Amino acid sequence: MRNLLVLCIVLLALPAAQGADVAEQQASALFDSHWQWRLAHQPEFATSIGDHRFDAALSDTSLQASRAAAAHHAEMLAQARALDREQLGAPAQLSLQLFIHDEEQALQAAAFYPYTVQPLTAYAGIHVTLPQMVAEMPFATETDYRNYVARLAALPQYVNGLIAQLRAAASSGWTTPKTVMAPVPAMLRQLRESAIDGPLGQPFRQIPASIDKPVREELRAAGMSALRTQALPALQTLEDFVRTEYLSAARDSIAASALPGGQAYYAFLVAANTGTDMSPAAVHALGLQEVERLKGEMSAAVARTGFSGSFAQFAVFANSDPRLFASSPEALLDRYRRLVARGAAGLPKLFATVPAHALTVKAAPALGAEERGAAWYDAGSAQRPAAFVVNTSRLNTRPLWETEALALHEGVPGHHLQVWLARSNSALPAFRRNAWYVGYGEGWGLYAESLGAELGFYRDAFSAFGQLNSALFRAARLVVDTGIHAMGWSRQQGLDYLNANTANSPADNAIEIDRYIAWPGQALGYTVGALKIRALRDKAQAALGEKFDVRAFHGAILDQGPLPLDVLEQQVDLWLEKERSKAVATPPSAPASGSASALVPAAAHGGASAPALQAPPPPEH
């Protein structure tokens, strides 16, 4: 009788179990279908993450392709909403929530403007992506070279699509500001004139000997022919178009709110880049508040260096004294290598899982380097190691006092740890392993800077100042970005604000202002995200008291891959409930310890030396 009862229970449960299995399979198939579509339609992105099935192709830049993409997103969203969410387990429910979020956001963007809003600026476009794509391609086999030749041959069609995009924008009012388009013809010319002897031609100068000599010669000839007859004329066509036709149509205004429906569009960008429902006005107010809070700590930070002048005087000194700068590119690279290694050695104090391989530190390519920031992260792929990329151009604008914070932000425990954990998590669908949400990603990078004191960094007074200035600079971005795009600020107003409220050099601030004009809303994610992560940590510490484990908390932030900030908060709250319910908690980790290499003590205002003092606890971001 008992066995019969058990059998009946199993039979009654079977349809539900089968339904759950079917729902999970349907969700997985939907996620994979869209992922494969994305790789095929964004072949440069596929190359960047190590999927080389599409290395012979370039993205379709035609207007028709943009409309087809919007139709695809609508179909994906309809299929996702039709899935029975209640039949899914918690991990698949979260994946579905994120999938729907992403598709809804793509359709919201297309509703404002159906094509690429700014396909070409001084900060983004073919002059940036083409050399980058070449650096990400493999060049080991004959097939690799055939793929590259095919991509070069596809450039004329790609450029024709860009021109169609730009003409459509000119006829509809969705034009790019002149200030960030004016440098583009010279950038295209530089790429074209350096193509043969520069990064575009380099693969054909270094064909490996493992390829038979006759084939090498044929590949070299085909490649140079494709460069001269396809790529260079296409780049010339685009350069001429921008110079003679588009620049006159580009707008004099700089605000995103000046576009058709621009106020709603900028509000959308604020939400998309912060992962919150904050209005531009609320973000602006938050920025002003944070700037004032951090400036209140600046006087003490300057005093710890031994400098006795004003903040403005210190900013001039910190950006000009030669002892605060590397003497050579190799010296700067060597410093970053030591910092990255030291950060990696301290990771087990704060994280349960750490990257298995050391992060490569390398110099940035010379082409275009003068218009880029001090350093950035290249996530690499299975075939190409991840790298911390150091900009060794304009050494007189790369102060050593910013290096510790940058190493933590771009390296470990910043972007490298974050991206490595996501991409190595095979339990996540591919779209989640490779996702990027600005508030989460850049928020984590800025939060990672604040972990420096726990890892033994910022013991030097100048580096402690550099970390504080980094936080202040990101807070000032909230004020300037919203000021420009929602409140009618001029470019000069934004520049004046950065110069008055940060220790960055005026030349770097000018580059930053143009970046915000070209990329509205992106700069808002850093401070908003860091503040959210810090608030979640404070909440967890207050709730768990002595049972709080910082390594477990960081796992709750990172182990599920990238998340919009509102979703991150939901997931951390679920984790916190589980932690509260545990009868026995893991003891907290031992406090961090370690030594830091000091900067060269600099002469203080008035002739005194600047001592290297122990940094205070990092500010709560």
# chains A, B, ... in the order shown; residues from 1 in each chain; ligands from 1

$ residues_around --residues "Ala169 in chain A" --least-positions-apart "5" --cutoff "9 Å" --atoms "only C-alpha atoms" --output "count of residues only"
8

$ select_by_dssp --residues "range 7-210 of chain A" --states "alpha helix (DSSP H)" --output "NGL selection string"
:A and (7-41 or 43-48 or 63-82 or 90-112 or 126-136 or 142-153 or 155-172 or 178-181 or 184-193 or 202-205)

$ residues_around --residues "range 372-389 of chain A" --least-positions-apart "5" --cutoff "6 Å" --atoms "only C-alpha atoms" --output "list of chain:residue names"
A:Ile49, A:Gly50, A:Leu359, A:Thr360, A:Val361, A:Lys362, A:Ala363, A:Ala364, A:Glu410

$ closest_residue --among "A:Pro520, A:Pro355, A:Pro399, A:Gly346" --to "Gly452 in chain A" --atoms "only C-alpha atoms"
A:Gly346

$ residues_around --residues "range 131-137 of chain A" --least-positions-apart "5" --cutoff "12 Å" --atoms "only C-alpha atoms" --output "PyMOL selection string"
chain A and resi 42-59+124-126+143-149+151-152+188+190-192+194-195+198-204+364-369+378-387

$ residues_around --residues "Glu404 in chain A" --least-positions-apart "2" --cutoff "9 Å" --atoms "only C-alpha atoms" --output "ChimeraX atom specification"
/A:336,339-340,400-402,406-409,449,452,457-458,463-464,466-467

$ write_last_selection --atoms "all heavy atoms" --output "compact mmCIF listing (two decimals), in the first residue's frame"
# COMPACT_ATOMS: atom_id res chain seq x y z
N TYR A 336 53.57 49.86 -13.07
CA TYR A 336 52.26 49.22 -13.13
C TYR A 336 52.37 47.71 -12.96
O TYR A 336 51.50 47.08 -12.36
CB TYR A 336 51.57 49.56 -14.45
CG TYR A 336 50.78 50.85 -14.40
CD1 TYR A 336 51.10 51.93 -15.22
CD2 TYR A 336 49.68 50.98 -13.54
CE1 TYR A 336 50.36 53.10 -15.17
CE2 TYR A 336 48.95 52.15 -13.48
CZ TYR A 336 49.29 53.21 -14.30
OH TYR A 336 48.56 54.38 -14.24
N LEU A 339 52.57 47.11 -9.31
CA LEU A 339 51.30 47.38 -8.64
C LEU A 339 50.28 46.27 -8.90
O LEU A 339 49.56 45.84 -7.99
CB LEU A 339 50.75 48.73 -9.10
CG LEU A 339 51.53 49.97 -8.65
CD1 LEU A 339 50.95 51.22 -9.31
CD2 LEU A 339 51.49 50.11 -7.13
N VAL A 340 50.20 45.83 -10.16
CA VAL A 340 49.25 44.76 -10.50
C VAL A 340 49.62 43.47 -9.76
O VAL A 340 48.74 42.77 -9.23
CB VAL A 340 49.23 44.53 -12.03
CG1 VAL A 340 48.49 43.25 -12.37
CG2 VAL A 340 48.55 45.72 -12.72
N LEU A 400 52.43 59.88 -11.36
CA LEU A 400 52.56 58.62 -10.63
C LEU A 400 51.53 58.51 -9.51
O LEU A 400 51.18 57.40 -9.10
CB LEU A 400 53.97 58.51 -10.05
CG LEU A 400 55.11 58.38 -11.08
CD1 LEU A 400 56.45 58.36 -10.38
CD2 LEU A 400 54.92 57.15 -11.95
N TRP A 401 51.04 59.65 -9.03
CA TRP A 401 50.09 59.56 -7.92
C TRP A 401 48.74 58.97 -8.32
O TRP A 401 47.93 58.62 -7.46
CB TRP A 401 49.90 60.91 -7.23
CG TRP A 401 49.70 62.12 -8.08
CD1 TRP A 401 50.64 63.04 -8.42
CD2 TRP A 401 48.48 62.58 -8.68
NE1 TRP A 401 50.09 64.04 -9.20
CE2 TRP A 401 48.76 63.79 -9.37
CE3 TRP A 401 47.18 62.09 -8.70
CZ2 TRP A 401 47.80 64.51 -10.07
CZ3 TRP A 401 46.20 62.80 -9.40
CH2 TRP A 401 46.52 63.99 -10.07
N GLU A 402 48.48 58.83 -9.62
CA GLU A 402 47.23 58.20 -10.04
C GLU A 402 47.38 56.71 -10.31
O GLU A 402 46.39 56.01 -10.55
CB GLU A 402 46.69 58.88 -11.29
CG GLU A 402 47.47 58.58 -12.57
CD GLU A 402 46.91 59.25 -13.81
OE1 GLU A 402 45.95 60.04 -13.69
OE2 GLU A 402 47.43 58.99 -14.91
N LEU A 406 44.48 53.53 -10.43
CA LEU A 406 44.23 53.00 -11.77
C LEU A 406 44.52 51.51 -11.84
O LEU A 406 43.78 50.74 -12.48
CB LEU A 406 45.09 53.74 -12.79
CG LEU A 406 44.43 54.90 -13.53
CD1 LEU A 406 45.46 55.64 -14.37
CD2 LEU A 406 43.28 54.41 -14.41
N ALA A 407 45.59 51.06 -11.20
CA ALA A 407 45.92 49.63 -11.21
C ALA A 407 44.82 48.82 -10.54
O ALA A 407 44.48 47.71 -11.00
CB ALA A 407 47.26 49.39 -10.51
N LEU A 408 44.25 49.35 -9.48
CA LEU A 408 43.17 48.64 -8.79
C LEU A 408 41.88 48.66 -9.62
O LEU A 408 41.13 47.69 -9.64
CB LEU A 408 42.92 49.28 -7.42
CG LEU A 408 44.07 49.14 -6.41
CD1 LEU A 408 43.83 50.04 -5.21
CD2 LEU A 408 44.24 47.70 -5.98
N HIS A 409 41.63 49.76 -10.30
CA HIS A 409 40.39 49.91 -11.09
C HIS A 409 40.41 49.03 -12.33
O HIS A 409 39.48 48.23 -12.56
CB HIS A 409 40.23 51.38 -11.48
CG HIS A 409 38.96 51.69 -12.20
ND1 HIS A 409 38.00 52.54 -11.70
CD2 HIS A 409 38.46 51.28 -13.40
CE1 HIS A 409 36.98 52.62 -12.54
NE2 HIS A 409 37.26 51.88 -13.60
N GLU A 449 38.80 50.61 -6.33
CA GLU A 449 39.80 51.59 -5.92
C GLU A 449 39.73 51.81 -4.40
O GLU A 449 40.76 51.98 -3.74
CB GLU A 449 39.59 52.90 -6.64
CG GLU A 449 39.83 52.86 -8.14
CD GLU A 449 39.61 54.21 -8.80
OE1 GLU A 449 39.85 55.23 -8.12
OE2 GLU A 449 39.22 54.25 -9.98
N GLY A 452 41.76 49.72 -1.79
CA GLY A 452 43.21 49.79 -1.76
C GLY A 452 43.79 49.76 -0.36
O GLY A 452 44.79 49.06 -0.11
N PHE A 457 47.54 49.36 -0.05
CA PHE A 457 47.87 50.47 -0.94
C PHE A 457 47.63 51.80 -0.22
O PHE A 457 47.14 51.83 0.91
CB PHE A 457 47.00 50.41 -2.20
CG PHE A 457 47.41 49.33 -3.18
CD1 PHE A 457 47.23 47.99 -2.89
CD2 PHE A 457 47.98 49.67 -4.41
CE1 PHE A 457 47.59 47.00 -3.79
CE2 PHE A 457 48.33 48.69 -5.32
CZ PHE A 457 48.15 47.35 -5.01
N TYR A 458 47.99 52.88 -0.91
CA TYR A 458 47.74 54.26 -0.47
C TYR A 458 48.48 54.64 0.82
O TYR A 458 48.07 55.54 1.54
CB TYR A 458 46.23 54.51 -0.28
CG TYR A 458 45.38 54.17 -1.47
CD1 TYR A 458 44.12 53.57 -1.31
CD2 TYR A 458 45.82 54.42 -2.77
CE1 TYR A 458 43.34 53.25 -2.41
CE2 TYR A 458 45.04 54.09 -3.87
CZ TYR A 458 43.80 53.50 -3.68
OH TYR A 458 43.03 53.19 -4.76
N SER A 463 49.81 58.97 -3.24
CA SER A 463 48.88 57.96 -3.77
C SER A 463 47.54 58.03 -3.06
O SER A 463 46.49 57.83 -3.67
CB SER A 463 49.49 56.57 -3.64
OG SER A 463 50.59 56.41 -4.51
N ALA A 464 47.57 58.31 -1.73
CA ALA A 464 46.32 58.49 -1.00
C ALA A 464 45.55 59.67 -1.58
O ALA A 464 44.32 59.62 -1.75
CB ALA A 464 46.59 58.70 0.48
N GLY A 466 45.85 60.72 -4.66
CA GLY A 466 45.42 60.30 -5.99
C GLY A 466 44.13 59.51 -5.96
O GLY A 466 43.25 59.70 -6.81
N GLN A 467 43.97 58.64 -4.96
CA GLN A 467 42.72 57.88 -4.85
C GLN A 467 41.55 58.80 -4.54
O GLN A 467 40.46 58.66 -5.11
CB GLN A 467 42.86 56.80 -3.77
CG GLN A 467 41.67 55.85 -3.69
CD GLN A 467 40.65 56.26 -2.64
OE1 GLN A 467 41.01 56.88 -1.64
NE2 GLN A 467 39.40 55.89 -2.87

$ select_by_dssp --residues "range 286-513 of chain A" --states "strand (DSSP E or B)" --output "list of chain:residue names"
A:Phe325, A:Thr360, A:Val361, A:Lys362, A:Ala363, A:Ala375, A:Trp376, A:Tyr377, A:Asp378, A:Ala387, A:Phe388, A:Val389, A:Val390, A:Pro399

$ write_last_selection --atoms "all heavy atoms" --output "tab-separated table (two decimals), in the first residue's frame"
chain	number	residue	atom	x	y	z
A	325	PHE	N	56.46	62.11	-11.97
A	325	PHE	CA	56.19	61.49	-13.27
A	325	PHE	C	57.28	60.47	-13.58
A	325	PHE	O	58.41	60.60	-13.12
A	325	PHE	CB	56.12	62.55	-14.37
A	325	PHE	CG	54.98	63.51	-14.20
A	325	PHE	CD1	55.09	64.60	-13.36
A	325	PHE	CD2	53.77	63.29	-14.86
A	325	PHE	CE1	54.03	65.48	-13.17
A	325	PHE	CE2	52.71	64.15	-14.68
A	325	PHE	CZ	52.83	65.25	-13.84
A	360	THR	N	48.57	40.42	-17.82
A	360	THR	CA	49.63	41.03	-18.62
A	360	THR	C	49.55	42.55	-18.55
A	360	THR	O	48.45	43.12	-18.57
A	360	THR	CB	49.51	40.58	-20.09
A	360	THR	OG1	49.66	39.16	-20.15
A	360	THR	CG2	50.57	41.23	-20.96
A	361	VAL	N	50.68	43.21	-18.46
A	361	VAL	CA	50.76	44.66	-18.52
A	361	VAL	C	51.52	45.02	-19.78
A	361	VAL	O	52.65	44.56	-19.99
A	361	VAL	CB	51.46	45.26	-17.29
A	361	VAL	CG1	51.59	46.77	-17.41
A	361	VAL	CG2	50.70	44.88	-16.02
A	362	LYS	N	50.92	45.83	-20.65
A	362	LYS	CA	51.57	46.17	-21.92
A	362	LYS	C	51.29	47.60	-22.29
A	362	LYS	O	50.34	48.22	-21.80
A	362	LYS	CB	51.09	45.23	-23.03
A	362	LYS	CG	49.62	45.40	-23.40
A	362	LYS	CD	49.21	44.44	-24.52
A	362	LYS	CE	47.77	44.67	-24.96
A	362	LYS	NZ	47.36	43.72	-26.02
A	363	ALA	N	52.12	48.13	-23.18
A	363	ALA	CA	51.94	49.50	-23.64
A	363	ALA	C	50.84	49.58	-24.69
A	363	ALA	O	50.64	48.64	-25.46
A	363	ALA	CB	53.25	50.03	-24.23
A	375	ALA	N	45.06	54.55	-18.87
A	375	ALA	CA	45.14	53.10	-18.90
A	375	ALA	C	43.75	52.53	-19.09
A	375	ALA	O	42.75	53.18	-18.80
A	375	ALA	CB	45.75	52.57	-17.60
A	376	TRP	N	43.68	51.28	-19.58
A	376	TRP	CA	42.40	50.61	-19.73
A	376	TRP	C	42.60	49.11	-19.71
A	376	TRP	O	43.73	48.61	-19.74
A	376	TRP	CB	41.67	51.05	-20.99
A	376	TRP	CG	42.43	50.86	-22.28
A	376	TRP	CD1	42.44	49.77	-23.10
A	376	TRP	CD2	43.30	51.83	-22.89
A	376	TRP	NE1	43.24	49.99	-24.18
A	376	TRP	CE2	43.78	51.24	-24.09
A	376	TRP	CE3	43.69	53.13	-22.57
A	376	TRP	CZ2	44.66	51.91	-24.94
A	376	TRP	CZ3	44.57	53.78	-23.42
A	376	TRP	CH2	45.04	53.18	-24.58
A	377	TYR	N	41.49	48.39	-19.66
A	377	TYR	CA	41.51	46.94	-19.55
A	377	TYR	C	41.09	46.30	-20.85
A	377	TYR	O	40.09	46.69	-21.45
A	377	TYR	CB	40.58	46.48	-18.42
A	377	TYR	CG	40.47	44.97	-18.29
A	377	TYR	CD1	41.59	44.21	-17.99
A	377	TYR	CD2	39.25	44.32	-18.46
A	377	TYR	CE1	41.49	42.83	-17.87
A	377	TYR	CE2	39.15	42.95	-18.33
A	377	TYR	CZ	40.28	42.21	-18.04
A	377	TYR	OH	40.18	40.84	-17.92
A	378	ASP	N	41.88	45.33	-21.31
A	378	ASP	CA	41.54	44.52	-22.48
A	378	ASP	C	41.21	43.13	-21.96
A	378	ASP	O	42.10	42.42	-21.46
A	378	ASP	CB	42.72	44.48	-23.45
A	378	ASP	CG	42.50	43.55	-24.63
A	378	ASP	OD1	41.40	42.97	-24.74
A	378	ASP	OD2	43.42	43.38	-25.45
A	387	ALA	N	44.77	41.92	-20.64
A	387	ALA	CA	45.89	42.84	-20.45
A	387	ALA	C	45.45	44.14	-19.80
A	387	ALA	O	44.35	44.64	-20.04
A	387	ALA	CB	46.57	43.14	-21.79
A	388	PHE	N	46.32	44.66	-18.96
A	388	PHE	CA	46.23	46.02	-18.45
A	388	PHE	C	47.04	46.87	-19.41
A	388	PHE	O	48.25	46.71	-19.53
A	388	PHE	CB	46.81	46.06	-17.04
A	388	PHE	CG	46.78	47.42	-16.39
A	388	PHE	CD1	45.73	47.77	-15.56
A	388	PHE	CD2	47.79	48.34	-16.58
A	388	PHE	CE1	45.69	49.01	-14.95
A	388	PHE	CE2	47.77	49.58	-15.99
A	388	PHE	CZ	46.71	49.92	-15.16
A	389	VAL	N	46.37	47.76	-20.15
A	389	VAL	CA	47.01	48.51	-21.23
A	389	VAL	C	47.36	49.90	-20.72
A	389	VAL	O	46.49	50.65	-20.28
A	389	VAL	CB	46.08	48.61	-22.45
A	389	VAL	CG1	46.81	49.27	-23.61
A	389	VAL	CG2	45.58	47.22	-22.87
A	390	VAL	N	48.64	50.23	-20.80
A	390	VAL	CA	49.16	51.49	-20.25
A	390	VAL	C	49.45	52.45	-21.39
A	390	VAL	O	50.16	52.11	-22.34
A	390	VAL	CB	50.44	51.25	-19.44
A	390	VAL	CG1	50.98	52.56	-18.88
A	390	VAL	CG2	50.18	50.25	-18.31
A	399	PRO	N	50.68	61.38	-14.12
A	399	PRO	CA	51.33	61.46	-12.81
A	399	PRO	C	51.36	60.11	-12.09
A	399	PRO	O	50.41	59.32	-12.17
A	399	PRO	CB	50.48	62.48	-12.04
A	399	PRO	CG	49.15	62.45	-12.72
A	399	PRO	CD	49.43	62.17	-14.16

$ residues_around --residues "Arg243 in chain A" --least-positions-apart "5" --cutoff "9 Å" --atoms "only C-alpha atoms" --output "PyMOL selection string"
chain A and resi 182+184-185+238+248

$ residues_around --residues "Ser490 in chain A" --least-positions-apart "5" --cutoff "12 Å" --atoms "only C-alpha atoms" --output "ChimeraX atom specification"
/A:179,252-255,480-485,495-497,513-514,517

$ closest_residue --among "A:Met224, A:Leu563, A:Ala80, A:Ala249" --to "Ser172 in chain A" --atoms "only C-alpha atoms"
A:Ala249

$ atom_distance --atom1 "CA of Pro564 in chain A" --atom2 "CA of Val128 in chain A"
27.3 Å

$ closest_residue --among "A:Glu297, A:Asp334, A:Glu370, A:Glu454" --to "Pro348 in chain A" --atoms "only C-alpha atoms"
A:Glu454

$ closest_residue --among "A:Thr527, A:Asn160, A:Ser225, A:Gln541" --to "Phe241 in chain A" --atoms "only C-alpha atoms"
A:Asn160
